[in-house]
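Take a look at the structure below.
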Amino acid sequence: MSFCPSIEYENPETIKRFQEDRMRDTLKYLSIHSPYYKRLFQQEKIDPNKIKTLEDLTLIPPTQKKDLQLYNDDFLAVKREKVSDYMTTSGTLGNPVTVFNTENDLERLAYNEAISFACAGGKPGDVYQLMTTIDKRFMAGLAYFLGVRKLGCGIVRVGNGNPELQWDTISRVKPDTIICVPSFILKVINYAEKKGIDYRNSSIKKAVCIGENIREQDFSYSLLSKKIKDKWDIGLYSTYASTEMATTFIECEQGHGGHHHPELIIAELLDEKGNPAGKDEEGELTITTLGVEAMPLLRFRTGDIARFHYEPCGCGRKTMRIGPIVGRRNQMIKFKGTTLYPPSIFDVLDHTDAVENYVVEVDTNDCGTDEVTVKIGCRNQDCIDVKELKDSFRAKLRVAPEILFLPVEVIHDIQKPELNRKPIKFIDNRNNKKNDR
Ligand SMILES: [Zn+2]
């Protein structure tokens, strides 16, 4: 099997026609096997045979995250006994959503990750160290495990956290590549420095980074990845995926956005009204899975805001590339005429040294517009120059939020880290709180 699919090197018109063929197969499959989509086609009087081009897809109403939750079992398009693996993804109405996978779906996942790792410079014989969870009903760790093996590589599954065990494994197994959340790399470096480990001369040559942006919108390194590169000059490759998509967008060595795999997914960007976003505009990533058997999704709105890039890539691929995720649609803030997303506010705070912890709160003010307050916990308030901090906000966001200093312990209590997987950093008190639909 080739791990550099030839379709990715074809011209955009050929890629589009290829996707339309796959799309028609998918629509036919859904109209026969998916109780949810059969009902949708009936209710909306849609004849799937008449949907022939990618443009025609806009005739079908998108699937929202809440639909998955309300009608979870109706999305299952195979008999229950064909389901090999059960995963969950977080819902927006409280309960998680079950995501079903058949044997063929797991094979598709393996293929997806194998071509993704190959795109990021992986080759047979490499050894990967998995620094993320493989269980707890998550898709990602399992997908990496399957994909690494499919590519003809070795993998050592250490799991998340535990820098001591990570370094012990690196010294024993001598992996080439780590798969991890990028901020964890700083912890791994920190531990190595404390213990006198010569990390710069270790076997690690690159990291596949998930869950956090390592680049700005212009593809320059973010503050986080600059911090990593300053200490440890390994290759950093950004990867973006979600359980519902069951598909990965990953950077090649050019580092100019995550490459689209046209054989696995159709990707659209929608504006706030649900119409196709303009060519250079950001919008909500909306996907149609291709080749998924158990739980295929048609025009699923992911909630993630991003931009697409179409110019040919230096690696020779001619597929679209997705830029760093700008934020979640339901967390969009309109502040003093500027559209903001919490991650851009976090980014400034994460890189202000004296800030120990923080929460960003958004409220509706008397005029009915959004108001942003940043509550900062720091040991010594004198260490932070408020004017300088506001200037950093203006440089990055064009506007500066209200800043309030509080004891570190008070912020810690607000964040409730003991109840959540991650501490709460964003609190939405708006009247018309925008829920994920
Ligand atoms: Zn490329």
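Convention: chains lettered A, B, ... in structure tokens order; per-chain residue numbering from 1; ligands numbered from 1 as shown.
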Out of region 220-382 of chain A, which residues get strand (DSSP E or B) from DSSP, as a PyMOL selection string?
chain A and resi 221+235-242+247-250+258-259+265-270+276+283-289+300-306+308-309+321-322+327-328+333-335+338-340+357-364+370-377
Within 9 Å of ligand 1, counting only C-alpha atoms and all ligand atoms, which protein or nucleic acid residues do you find, written as a list in words?
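Every residue with an atom at most 9 Å from ligand 1 is listed here: Cys119, Ala120, Glu251, Cys252, Glu253, Gln254, Gly255, His256, Gly257, Gly258, His259, Pro312, Cys313, Gly314, Cys315, Gly316, Arg317, Lys318, Thr319 and Arg321 of chain A.
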Output C-alpha atoms for every residue in the selection just made, as an mmCIF file, in the first residue's frame.
```cif
data_model
loop_
_atom_site.group_PDB
_atom_site.id
_atom_site.type_symbol
_atom_site.label_atom_id
_atom_site.label_comp_id
_atom_site.auth_asym_id
_atom_site.auth_seq_id
_atom_site.Cartn_x
_atom_site.Cartn_y
_atom_site.Cartn_z
ATOM 1 C CA CYS A 119 2.938 13.214 5.438
ATOM 2 C CA ALA A 120 4.766 14.384 8.591
ATOM 3 C CA GLU A 251 1.292 19.278 8.458
ATOM 4 C CA CYS A 252 4.011 18.208 6.066
ATOM 5 C CA GLU A 253 7.590 19.417 6.561
ATOM 6 C CA GLN A 254 6.589 22.816 5.103
ATOM 7 C CA GLY A 255 4.472 23.545 8.188
ATOM 8 C CA HIS A 256 1.846 25.469 6.259
ATOM 9 C CA GLY A 257 -1.377 23.982 7.618
ATOM 10 C CA GLY A 258 -2.860 20.514 7.918
ATOM 11 C CA HIS A 259 -3.234 18.661 4.612
ATOM 12 C CA PRO A 312 -0.044 24.463 -3.913
ATOM 13 C CA CYS A 313 2.269 23.321 -1.117
ATOM 14 C CA GLY A 314 6.054 23.101 -1.356
ATOM 15 C CA CYS A 315 5.796 19.350 -0.682
ATOM 16 C CA GLY A 316 4.045 18.838 -4.050
ATOM 17 C CA ARG A 317 0.606 18.037 -2.655
ATOM 18 C CA LYS A 318 -2.219 20.076 -4.150
ATOM 19 C CA THR A 319 -4.789 19.411 -1.441
ATOM 20 C CA ARG A 321 -4.677 22.869 3.975
#
```
If we count only C-alpha atoms and set the cut-off at 9 Å, which residues sit around region 57-73 of chain A, ignoring sequence neighbours fewer than 5 positions away in its own chain? Please answer as an NGL selection string.
:A and (35-36 or 40-41 or 44 or 46 or 51-52 or 91-99 or 274-276 or 286 or 297-303 or 436-437)
Do a neighbour search on His309 (chain A) at 7 Å with only C-alpha atoms, toss out local chain neighbours closer than 2 positions, and write the hits as a ChimeraX atom specification.
/A:307,311,320-322
Write down as a ChimeraX atom specification the residues belonging to region 196-278 of chain A that are assigned alpha helix (DSSP H) by DSSP computed on the backbone.
/A:223-231
Find the residues near region 167-175 of chain A: any atom within 12 Å, counting only C-alpha atoms, skip ones fewer than 5 places away on the same chain, and give them as a count of residues only.
36
Tell me, in Å to one decimal, how far CA of Leu109 (chain A) is from CA of Gln217 (chain A).
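Here the two named atoms are 27.9 Å from each other.
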